[in-house]
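Visitor: Provided herewith is a single structure, encoded as structure tokens, for subsequent inquiry.
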Amino acid sequence: MIFESWDPDRAELAAMMAGVGELAADFLEGLPSAPASNLRPRTKPFDPPSEKPGEFAELLEIFKQAAGNAVETAGPGYLAYFPVGGLVSSALGEFLSLLVNRFTGVASMAPDLVAMEDSVVDWLCREFALPASAGGFITTGGSLATLSAVVAARQSRLGEQHGTGTIYVTEHTHLCVAKAARIAGLRPDQLRVVPVTEDHRMDPEAAEDMIAKDPAPFLLVGTAGSTSTGTVDPLDELAAIAERHGMWFHVDGAYGGGFQLTERGRAKLRGIERADSITIDPHKTMFLPYGTGVLLVRDQETLRAAHTADASYLQDLQRDPWPPDYCDFGPELTREFRGLRMWLPLHLHGVAAFRRALDQKLDLAQVVHRELSALSEVDVPVHPDLTVNVFRLREGGDEENRRLLEQINATERVFLSSTRLRGEYLLRLCVLSHRTEPERVAEALSIVRSLVR
Ligand SMILES: *Cc1c(COP(=O)(O)O)cnc(C)c1O
């Protein structure tokens, strides 16, 4: 099909949608049997676009081939880093958002869509038991959410004097905090690393000691689900320290925050409701496609105070307190409408489906922990707070363990990653995708079992 005009007519659109629909159906049908990873190095660049129009079906085929040469991050065997799969309903929502192409940087251009996005944020605020002053917005990911949180904290606690003022983190704090601090104009020496306890959590006594001696502490970052081990810091104690010293308390729940939707998760995350800001990544713990992060803040006005800017060419735009003008909350002005990629799945599947699925992942991680611990050949040093397990061969050094990871991944049924804890190499298995069911976890365990024996 070659197009004469920019917009397809009804018949052309139907043909295009049919082509996309076929591709989607083949993809989904193939996921259970697709290799978990099967990569060929790319050796030559893609052709530049031609002056002449291309054939839609051929272009789709090129995309399909390219997408095929990748780690199967959407598949059930993906147990590396933070697996999520990506809900189809969210992808369809995204298509529709891009189709209607509404401007949602300010609310007055599409007030109902902005209110729709705000309803999702508001629902999350309630799940996290934040007060009525709370708010936030959907970002493209945890790193961007954290950037706006750090900028809001800096503005709120330091104003324009940010040459002094210190941030407290641990060795397990995600790199996005240091990155955000740097982008926010803070120097590396304004970051202080608090020691962790034996079980890899921020040591609250050490934090209190360091902060009490510091003339200008302004931001304390707790992690709700660390990247290496999924460990949750003692949030309630950290919240008390932050309050005592007038600090902003940020919780990085990019991975773990989503478990607030479950009863067990809420118990683990106790204290998160005292945070001044919370990063969550629905593209991790709500099964949504990459590009979906959320920042929640205790007081929406703090976000506004830190990000709002004005210009004469925006004078025609009406500015009301609600629905919010998202350009006042973060670095973007023009943005895609990100509300539907969350609103549609939540309303279509119902919230209980998310709670159940996350509960199942918590169960599966306990199964992994129990089964791995039962193997005399491996050491499983951390009991999982959430859904990350780490392990290593008892006999053998880093090299043997690295080889074990290679052998596991060479089966192409599962794909695991690794990390380091106190200098030691560890294999890492995270159950999180909505497509990872008990069968694939059992298969992963049997692969590990047969390889370590
Ligand atoms: C993934 C992650 C981030 C970064 O989020 P992105 O969505 O990758 O930008 C930050 N903190 C933690 C704990 C994470 O797991």
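Following the order of the structure tokens, first chain is A, next is B, and so on, with residues numbered from 1 inside each chain and ligands from 1 in the order they appear.
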Find the residues around His347 of chain A up to 12 Å (only C-alpha atoms counted), leave out those fewer than 4 positions away in its own chain, and share them as a list of chain:residue names.

Guide: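 Once the adjacent positions are removed, what remains is A:Ser89, A:Ser90, A:Gly93, A:Met116, A:Ser119, A:Val120, A:Trp123, A:Gly339, A:Leu340, A:Arg341, A:Met342, A:Trp343, A:Val351, A:Ala352, A:Ala353, A:Phe354.
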
Visitor: Dump all heavy atoms for the selected residues as a short mmCIF file (atom, residue, chain, number, x, y, z; two decimals), in the first residue's frame?

Guide:
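The file below, again06.cif, is the result:
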data_model
loop_
_atom_site.label_atom_id
_atom_site.label_comp_id
_atom_site.auth_asym_id
_atom_site.auth_seq_id
_atom_site.Cartn_x
_atom_site.Cartn_y
_atom_site.Cartn_z
N SER A 89 -3.40 -3.24 26.57
CA SER A 89 -4.41 -2.18 26.72
C SER A 89 -3.75 -0.81 26.83
O SER A 89 -4.29 0.20 26.35
CB SER A 89 -5.28 -2.45 27.95
OG SER A 89 -4.47 -2.67 29.09
N SER A 90 -2.57 -0.77 27.43
CA SER A 90 -1.85 0.49 27.56
C SER A 90 -1.31 0.94 26.20
O SER A 90 -1.38 2.12 25.85
CB SER A 90 -0.71 0.32 28.56
OG SER A 90 -0.09 1.54 28.85
N GLY A 93 -4.10 2.37 24.29
CA GLY A 93 -4.38 3.71 24.80
C GLY A 93 -3.40 4.72 24.24
O GLY A 93 -3.77 5.84 23.85
N MET A 116 -8.64 13.56 33.38
CA MET A 116 -8.55 12.09 33.32
C MET A 116 -7.19 11.62 33.88
O MET A 116 -7.11 10.71 34.70
CB MET A 116 -8.68 11.69 31.84
CG MET A 116 -8.81 10.24 31.57
SD MET A 116 -8.93 10.06 29.75
CE MET A 116 -10.29 8.97 29.66
N SER A 119 -7.04 12.13 37.53
CA SER A 119 -7.81 11.16 38.32
C SER A 119 -6.95 9.95 38.67
O SER A 119 -7.11 9.35 39.74
CB SER A 119 -9.08 10.72 37.58
OG SER A 119 -8.77 9.84 36.51
N VAL A 120 -6.04 9.59 37.77
CA VAL A 120 -5.14 8.46 38.04
C VAL A 120 -4.14 8.85 39.14
O VAL A 120 -3.89 8.09 40.08
CB VAL A 120 -4.39 8.05 36.75
CG1 VAL A 120 -3.34 7.01 37.06
CG2 VAL A 120 -5.37 7.54 35.71
N TRP A 123 -5.94 9.01 42.43
CA TRP A 123 -6.17 7.64 42.95
C TRP A 123 -4.90 7.13 43.61
O TRP A 123 -4.94 6.56 44.71
CB TRP A 123 -6.62 6.74 41.79
CG TRP A 123 -6.55 5.29 42.11
CD1 TRP A 123 -7.39 4.60 42.94
CD2 TRP A 123 -5.55 4.35 41.66
NE1 TRP A 123 -6.97 3.29 43.03
CE2 TRP A 123 -5.87 3.11 42.25
CE3 TRP A 123 -4.46 4.43 40.81
CZ2 TRP A 123 -5.11 1.96 42.02
CZ3 TRP A 123 -3.70 3.29 40.58
CH2 TRP A 123 -4.02 2.09 41.17
N GLY A 339 -1.97 10.21 30.15
CA GLY A 339 -3.00 9.70 31.05
C GLY A 339 -3.62 8.39 30.60
O GLY A 339 -3.85 7.49 31.40
N LEU A 340 -3.87 8.27 29.30
CA LEU A 340 -4.64 7.12 28.83
C LEU A 340 -3.88 5.80 28.99
O LEU A 340 -4.48 4.76 29.21
CB LEU A 340 -5.04 7.33 27.36
CG LEU A 340 -6.20 6.46 26.86
CD1 LEU A 340 -7.47 6.70 27.65
CD2 LEU A 340 -6.45 6.68 25.37
N ARG A 341 -2.56 5.87 28.87
CA ARG A 341 -1.79 4.62 29.01
C ARG A 341 -1.90 4.04 30.42
O ARG A 341 -1.58 2.88 30.63
CB ARG A 341 -0.32 4.83 28.60
CG ARG A 341 0.38 5.93 29.36
CD ARG A 341 1.89 5.79 29.36
NE ARG A 341 2.49 5.85 28.04
CZ ARG A 341 3.59 5.16 27.71
NH1 ARG A 341 4.17 4.38 28.59
NH2 ARG A 341 4.10 5.26 26.51
N MET A 342 -2.34 4.86 31.39
CA MET A 342 -2.62 4.32 32.72
C MET A 342 -4.12 4.16 32.97
O MET A 342 -4.56 3.19 33.56
CB MET A 342 -2.04 5.25 33.80
CG MET A 342 -0.54 5.17 33.91
SD MET A 342 0.09 6.00 35.39
CE MET A 342 -0.43 4.85 36.67
N TRP A 343 -4.87 5.17 32.54
CA TRP A 343 -6.31 5.18 32.82
C TRP A 343 -7.01 3.98 32.17
O TRP A 343 -7.83 3.31 32.82
CB TRP A 343 -6.90 6.49 32.29
CG TRP A 343 -8.34 6.73 32.59
CD1 TRP A 343 -8.86 7.39 33.67
CD2 TRP A 343 -9.46 6.34 31.79
NE1 TRP A 343 -10.22 7.43 33.60
CE2 TRP A 343 -10.62 6.79 32.46
CE3 TRP A 343 -9.59 5.65 30.59
CZ2 TRP A 343 -11.90 6.57 31.95
CZ3 TRP A 343 -10.87 5.42 30.08
CH2 TRP A 343 -12.01 5.89 30.77
N VAL A 351 -8.84 -2.46 39.29
CA VAL A 351 -7.69 -2.35 40.18
C VAL A 351 -7.38 -3.69 40.86
O VAL A 351 -6.22 -4.06 41.07
CB VAL A 351 -7.94 -1.25 41.23
CG1 VAL A 351 -6.83 -1.22 42.26
CG2 VAL A 351 -8.05 0.11 40.53
N ALA A 352 -8.44 -4.47 41.16
CA ALA A 352 -8.23 -5.74 41.87
C ALA A 352 -7.33 -6.68 41.07
O ALA A 352 -6.55 -7.45 41.65
CB ALA A 352 -9.57 -6.42 42.16
N ALA A 353 -7.41 -6.61 39.75
CA ALA A 353 -6.57 -7.47 38.92
C ALA A 353 -5.09 -7.14 39.14
O ALA A 353 -4.24 -8.04 39.18
CB ALA A 353 -6.93 -7.30 37.44
N PHE A 354 -4.79 -5.85 39.31
CA PHE A 354 -3.40 -5.45 39.58
C PHE A 354 -2.96 -5.94 40.96
O PHE A 354 -1.86 -6.43 41.14
CB PHE A 354 -3.26 -3.92 39.47
CG PHE A 354 -3.36 -3.42 38.05
CD1 PHE A 354 -4.59 -3.14 37.47
CD2 PHE A 354 -2.22 -3.27 37.28
CE1 PHE A 354 -4.68 -2.69 36.16
CE2 PHE A 354 -2.29 -2.82 35.96
CZ PHE A 354 -3.53 -2.54 35.40
#

Visitor: If we count only C-alpha atoms, what is near segment 263-267 of chain A at a cut-off of 10 Å, once residues fewer than 5 positions away on the same chain are taken out, given as a list in words?

Guide: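 What passes the distance filter is Glu127, Phe128, Gly256, Gly257, Gly258, Ile272, Glu273, Arg355, Leu358, Asp359, Leu362, Asp385 and Leu386 of chain A.
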
Visitor: Counting only C-alpha atoms and all ligand atoms, what are the residues, protein, DNA or RNA alike, that approach ligand 1 to within 6 Å? I want them as a PyMOL selection string.

Guide: chain A and resi 141-143+174+176+225-227+252-255+281

Visitor: Can you spit out the residues from that selection as a compact mmCIF listing (two decimals), in the first residue's frame, using all heavy atoms?

Guide:
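Contents of the output file again_6.txt:
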# COMPACT_ATOMS: atom_id res chain seq x y z
N GLY A 141 9.36 8.32 33.27
CA GLY A 141 10.03 7.28 34.04
C GLY A 141 10.49 7.79 35.39
O GLY A 141 10.30 8.96 35.73
N GLY A 142 11.10 6.88 36.14
CA GLY A 142 11.52 7.19 37.50
C GLY A 142 12.59 8.27 37.56
O GLY A 142 12.61 9.09 38.47
N SER A 143 13.50 8.26 36.59
CA SER A 143 14.58 9.24 36.62
C SER A 143 14.04 10.66 36.50
O SER A 143 14.47 11.56 37.21
CB SER A 143 15.58 8.98 35.49
OG SER A 143 16.14 7.70 35.61
N HIS A 174 19.49 4.61 44.07
CA HIS A 174 19.62 4.53 42.61
C HIS A 174 20.43 5.71 42.07
O HIS A 174 20.33 6.83 42.58
CB HIS A 174 18.23 4.52 41.98
CG HIS A 174 18.23 4.13 40.54
ND1 HIS A 174 18.42 5.03 39.52
CD2 HIS A 174 18.06 2.92 39.94
CE1 HIS A 174 18.37 4.40 38.36
NE2 HIS A 174 18.14 3.12 38.58
N CYS A 176 19.96 7.56 39.74
CA CYS A 176 19.17 8.69 39.25
C CYS A 176 19.11 9.84 40.25
O CYS A 176 18.86 10.98 39.88
CB CYS A 176 17.77 8.26 38.82
SG CYS A 176 16.65 7.94 40.17
N GLY A 225 12.56 -0.43 47.86
CA GLY A 225 12.87 -1.46 46.87
C GLY A 225 14.13 -1.10 46.12
O GLY A 225 14.07 -0.45 45.08
N SER A 226 15.29 -1.50 46.66
CA SER A 226 16.55 -1.15 46.02
C SER A 226 16.73 -1.97 44.75
O SER A 226 16.15 -3.06 44.61
CB SER A 226 17.72 -1.39 46.97
OG SER A 226 17.84 -2.78 47.23
N THR A 227 17.53 -1.44 43.85
CA THR A 227 17.66 -2.07 42.54
C THR A 227 18.38 -3.43 42.65
O THR A 227 17.98 -4.38 42.00
CB THR A 227 18.40 -1.13 41.59
OG1 THR A 227 17.78 0.16 41.71
CG2 THR A 227 18.29 -1.57 40.16
N ASP A 252 12.18 6.81 47.01
CA ASP A 252 12.32 6.26 45.68
C ASP A 252 11.65 4.88 45.65
O ASP A 252 12.23 3.88 46.04
CB ASP A 252 13.80 6.14 45.29
CG ASP A 252 13.96 5.57 43.88
OD1 ASP A 252 12.94 5.21 43.26
OD2 ASP A 252 15.11 5.49 43.40
N GLY A 253 10.41 4.90 45.20
CA GLY A 253 9.65 3.66 45.06
C GLY A 253 9.49 3.27 43.61
O GLY A 253 8.48 2.67 43.24
N ALA A 254 10.49 3.62 42.79
CA ALA A 254 10.38 3.33 41.36
C ALA A 254 10.06 1.85 41.15
O ALA A 254 9.14 1.50 40.40
CB ALA A 254 11.67 3.71 40.63
N TYR A 255 10.78 1.01 41.85
CA TYR A 255 10.47 -0.43 41.76
C TYR A 255 9.40 -0.83 42.78
O TYR A 255 8.36 -1.38 42.43
CB TYR A 255 11.74 -1.26 41.93
CG TYR A 255 11.50 -2.67 42.41
CD1 TYR A 255 10.72 -3.55 41.66
CD2 TYR A 255 12.02 -3.11 43.62
CE1 TYR A 255 10.47 -4.84 42.11
CE2 TYR A 255 11.79 -4.40 44.06
CZ TYR A 255 11.02 -5.26 43.32
OH TYR A 255 10.78 -6.53 43.78
N ASP A 281 7.23 3.84 39.40
CA ASP A 281 7.39 3.51 37.99
C ASP A 281 6.34 2.48 37.58
O ASP A 281 6.57 1.28 37.68
CB ASP A 281 8.79 2.93 37.75
CG ASP A 281 9.72 3.89 37.03
OD1 ASP A 281 9.24 4.90 36.49
OD2 ASP A 281 10.94 3.61 37.01

Visitor: Fewer than 5 positions away in the same chain doesn't count, so skip those; otherwise give me all residues within 9 Å of Cys125 of chain A, counting only C-alpha atoms, as a list in words.

Guide: Val120, Leu130, Pro131, Ala132, Ala134, Gly135, Gly136, Leu296, Val297 and Arg298 of chain A

Visitor: Could you jot down the atom CA of Asp320 of chain A to atom CA of Ala306 of chain A separation for me, Å, one decimal place?

Guide: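 Taking atom CA of Asp320 of chain A and atom CA of Ala306 of chain A, their separation equals 17.7 Å.
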
Visitor: Can you list every residue in segment 189-421 of chain A that DSSP puts in strand (DSSP E), as a PyMOL selection string?

Guide: chain A and resi 191-194+217-223+248-253+277-280+293-297+378-379+388-393+417-421

Visitor: Pick out the closest residue to Phe82 of chain A from this set: A:Ala365, A:Lys284, A:Ala444, A:Ser417. Count only C-alpha atoms.

Guide: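 Comparing A:Ala365, A:Lys284, A:Ala444, A:Ser417 against Phe82 of chain A, the winner is A:Lys284.
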
Visitor: For Ile2 of chain A, work out the shell of residues within 9 Å, counting only C-alpha atoms and skipping chain neighbours fewer than 3 positions away, then give it as a ChimeraX atom specification.

Guide: /A:53-56

Visitor: For Phe329 of chain A, please output as a list in words all residues within 8 Å (counting only C-alpha atoms; exclusion window: fewer than 3 positions along the same chain).

Guide: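 My list of contacting residues is Gly136, Phe137, Ser148, Leu303, Arg304, Ala306, His307, Thr308, Asp325 and Tyr326 of chain A.
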
Visitor: For the selection just defined, write its residues with all heavy atoms to a file, as an mmCIF file, in the first residue's frame.

Guide:
data_model
loop_
_atom_site.group_PDB
_atom_site.id
_atom_site.type_symbol
_atom_site.label_atom_id
_atom_site.label_comp_id
_atom_site.auth_asym_id
_atom_site.auth_seq_id
_atom_site.Cartn_x
_atom_site.Cartn_y
_atom_site.Cartn_z
ATOM 1 N N GLY A 136 0.541 15.424 41.677
ATOM 2 C CA GLY A 136 1.688 14.902 40.956
ATOM 3 C C GLY A 136 1.388 14.807 39.483
ATOM 4 O O GLY A 136 0.411 15.379 39.008
ATOM 5 N N PHE A 137 2.211 14.056 38.788
ATOM 6 C CA PHE A 137 1.981 13.914 37.344
ATOM 7 C C PHE A 137 2.696 12.692 36.803
ATOM 8 O O PHE A 137 3.539 12.099 37.481
ATOM 9 C CB PHE A 137 2.402 15.185 36.602
ATOM 10 C CG PHE A 137 3.890 15.454 36.581
ATOM 11 C CD1 PHE A 137 4.578 15.492 35.369
ATOM 12 C CD2 PHE A 137 4.598 15.684 37.746
ATOM 13 C CE1 PHE A 137 5.945 15.751 35.330
ATOM 14 C CE2 PHE A 137 5.969 15.938 37.715
ATOM 15 C CZ PHE A 137 6.640 15.981 36.505
ATOM 16 N N SER A 148 12.343 15.973 39.133
ATOM 17 C CA SER A 148 11.400 16.999 39.599
ATOM 18 C C SER A 148 11.276 17.002 41.114
ATOM 19 O O SER A 148 11.070 18.058 41.725
ATOM 20 C CB SER A 148 10.030 16.804 38.941
ATOM 21 O OG SER A 148 10.111 17.220 37.592
ATOM 22 N N LEU A 303 5.669 21.610 43.942
ATOM 23 C CA LEU A 303 6.082 21.306 42.560
ATOM 24 C C LEU A 303 5.955 22.552 41.709
ATOM 25 O O LEU A 303 6.832 22.890 40.920
ATOM 26 C CB LEU A 303 5.161 20.240 41.957
ATOM 27 C CG LEU A 303 5.599 18.790 41.934
ATOM 28 C CD1 LEU A 303 4.628 17.997 41.079
ATOM 29 C CD2 LEU A 303 7.012 18.634 41.412
ATOM 30 N N ARG A 304 4.818 23.233 41.867
ATOM 31 C CA ARG A 304 4.560 24.465 41.115
ATOM 32 C C ARG A 304 5.627 25.510 41.403
ATOM 33 O O ARG A 304 6.186 26.110 40.497
ATOM 34 C CB ARG A 304 3.204 25.049 41.505
ATOM 35 C CG ARG A 304 2.124 24.610 40.584
ATOM 36 C CD ARG A 304 0.921 25.550 40.556
ATOM 37 N NE ARG A 304 -0.133 24.808 39.899
ATOM 38 C CZ ARG A 304 -1.075 24.133 40.528
ATOM 39 N NH1 ARG A 304 -1.151 24.146 41.841
ATOM 40 N NH2 ARG A 304 -1.952 23.443 39.847
ATOM 41 N N ALA A 306 8.541 25.203 42.223
ATOM 42 C CA ALA A 306 9.869 24.884 41.703
ATOM 43 C C ALA A 306 9.938 24.907 40.183
ATOM 44 O O ALA A 306 11.021 25.002 39.619
ATOM 45 C CB ALA A 306 10.295 23.516 42.223
ATOM 46 N N HIS A 307 8.816 24.780 39.491
ATOM 47 C CA HIS A 307 8.878 24.582 38.036
ATOM 48 C C HIS A 307 8.156 25.634 37.212
ATOM 49 O O HIS A 307 8.311 25.655 35.992
ATOM 50 C CB HIS A 307 8.308 23.209 37.659
ATOM 51 C CG HIS A 307 9.152 22.067 38.130
ATOM 52 N ND1 HIS A 307 8.969 21.477 39.359
ATOM 53 C CD2 HIS A 307 10.189 21.412 37.562
ATOM 54 C CE1 HIS A 307 9.849 20.499 39.520
ATOM 55 N NE2 HIS A 307 10.602 20.444 38.450
ATOM 56 N N THR A 308 7.350 26.450 37.845
ATOM 57 C CA THR A 308 6.524 27.329 37.038
ATOM 58 C C THR A 308 7.374 28.423 36.375
ATOM 59 O O THR A 308 8.365 28.897 36.914
ATOM 60 C CB THR A 308 5.377 27.918 37.895
ATOM 61 O OG1 THR A 308 4.363 28.373 37.014
ATOM 62 C CG2 THR A 308 5.852 29.060 38.772
ATOM 63 N N ASP A 325 -1.973 22.480 35.325
ATOM 64 C CA ASP A 325 -1.160 22.723 34.140
ATOM 65 C C ASP A 325 0.146 21.962 34.332
ATOM 66 O O ASP A 325 1.002 22.367 35.129
ATOM 67 C CB ASP A 325 -0.883 24.221 33.994
ATOM 68 C CG ASP A 325 -2.163 24.994 33.687
ATOM 69 O OD1 ASP A 325 -3.040 24.439 32.988
ATOM 70 O OD2 ASP A 325 -2.288 26.134 34.150
ATOM 71 N N TYR A 326 0.304 20.878 33.599
ATOM 72 C CA TYR A 326 1.460 20.013 33.843
ATOM 73 C C TYR A 326 2.793 20.687 33.528
ATOM 74 O O TYR A 326 3.828 20.274 34.028
ATOM 75 C CB TYR A 326 1.316 18.691 33.084
ATOM 76 C CG TYR A 326 0.245 17.809 33.679
ATOM 77 C CD1 TYR A 326 -0.749 17.238 32.887
ATOM 78 C CD2 TYR A 326 0.221 17.554 35.048
ATOM 79 C CE1 TYR A 326 -1.730 16.424 33.440
ATOM 80 C CE2 TYR A 326 -0.764 16.752 35.613
ATOM 81 C CZ TYR A 326 -1.735 16.195 34.805
ATOM 82 O OH TYR A 326 -2.698 15.405 35.363
#

Visitor: Nearest to His172 of chain A among A:Val232, A:Leu144, A:Met17, A:Leu191, with distances taken over only C-alpha atoms: which residue is it?

Guide: A:Val232

Visitor: Measuring atom to atom with only C-alpha atoms, identify which of A:Gly68, A:Asp363, A:Glu205, A:Asp328 is nearest to Pro438 of chain A.

Guide: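 Counting only C-alpha atoms, the residue closest to Pro438 of chain A is A:Asp363.
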
Visitor: For Ala115 of chain A, please output as a ChimeraX atom specification all residues within 8 Å (counting only C-alpha atoms; exclusion window: fewer than 4 positions along the same chain).

Guide: /A:111,119,323-324

Visitor: Report the closest atom pair, with its distance in Å rounded to one decimal, for each residue of segment 223-317 of chain A that has an atom no farther than 9 Å from segment 153-171 of chain A; count only C-alpha atoms, sort by chain and then rising residue number, and write it as a Markdown table.

Guide:
| residue | atom | partner | partner_atom | distance |
| --- | --- | --- | --- | --- |
| A:Thr223 | CA | A:Val169 | CA | 8.6 |
| A:Gly246 | CA | A:Arg157 | CA | 8.3 |
| A:Met247 | CA | A:Arg157 | CA | 7.3 |
| A:Trp248 | CA | A:Ala153 | CA | 5.9 |
| A:Phe249 | CA | A:Ala153 | CA | 8.4 |
| A:His250 | CA | A:Ala153 | CA | 8.4 |
| A:Asp276 | CA | A:Ala153 | CA | 8.4 |
| A:Ser277 | CA | A:Ala153 | CA | 8.6 |
| A:Thr302 | CA | A:Ser156 | CA | 6.4 |
| A:Leu303 | CA | A:Ala153 | CA | 8.6 |
| A:Ala305 | CA | A:Gln155 | CA | 7.4 |
| A:Ala306 | CA | A:Gln155 | CA | 5.6 |

Visitor: Which residue gives the smallest distance to Arg270 of chain A among A:Pro381, A:Gly222, A:Pro282, A:Pro76, with only C-alpha atoms counted?

Guide: A:Gly222
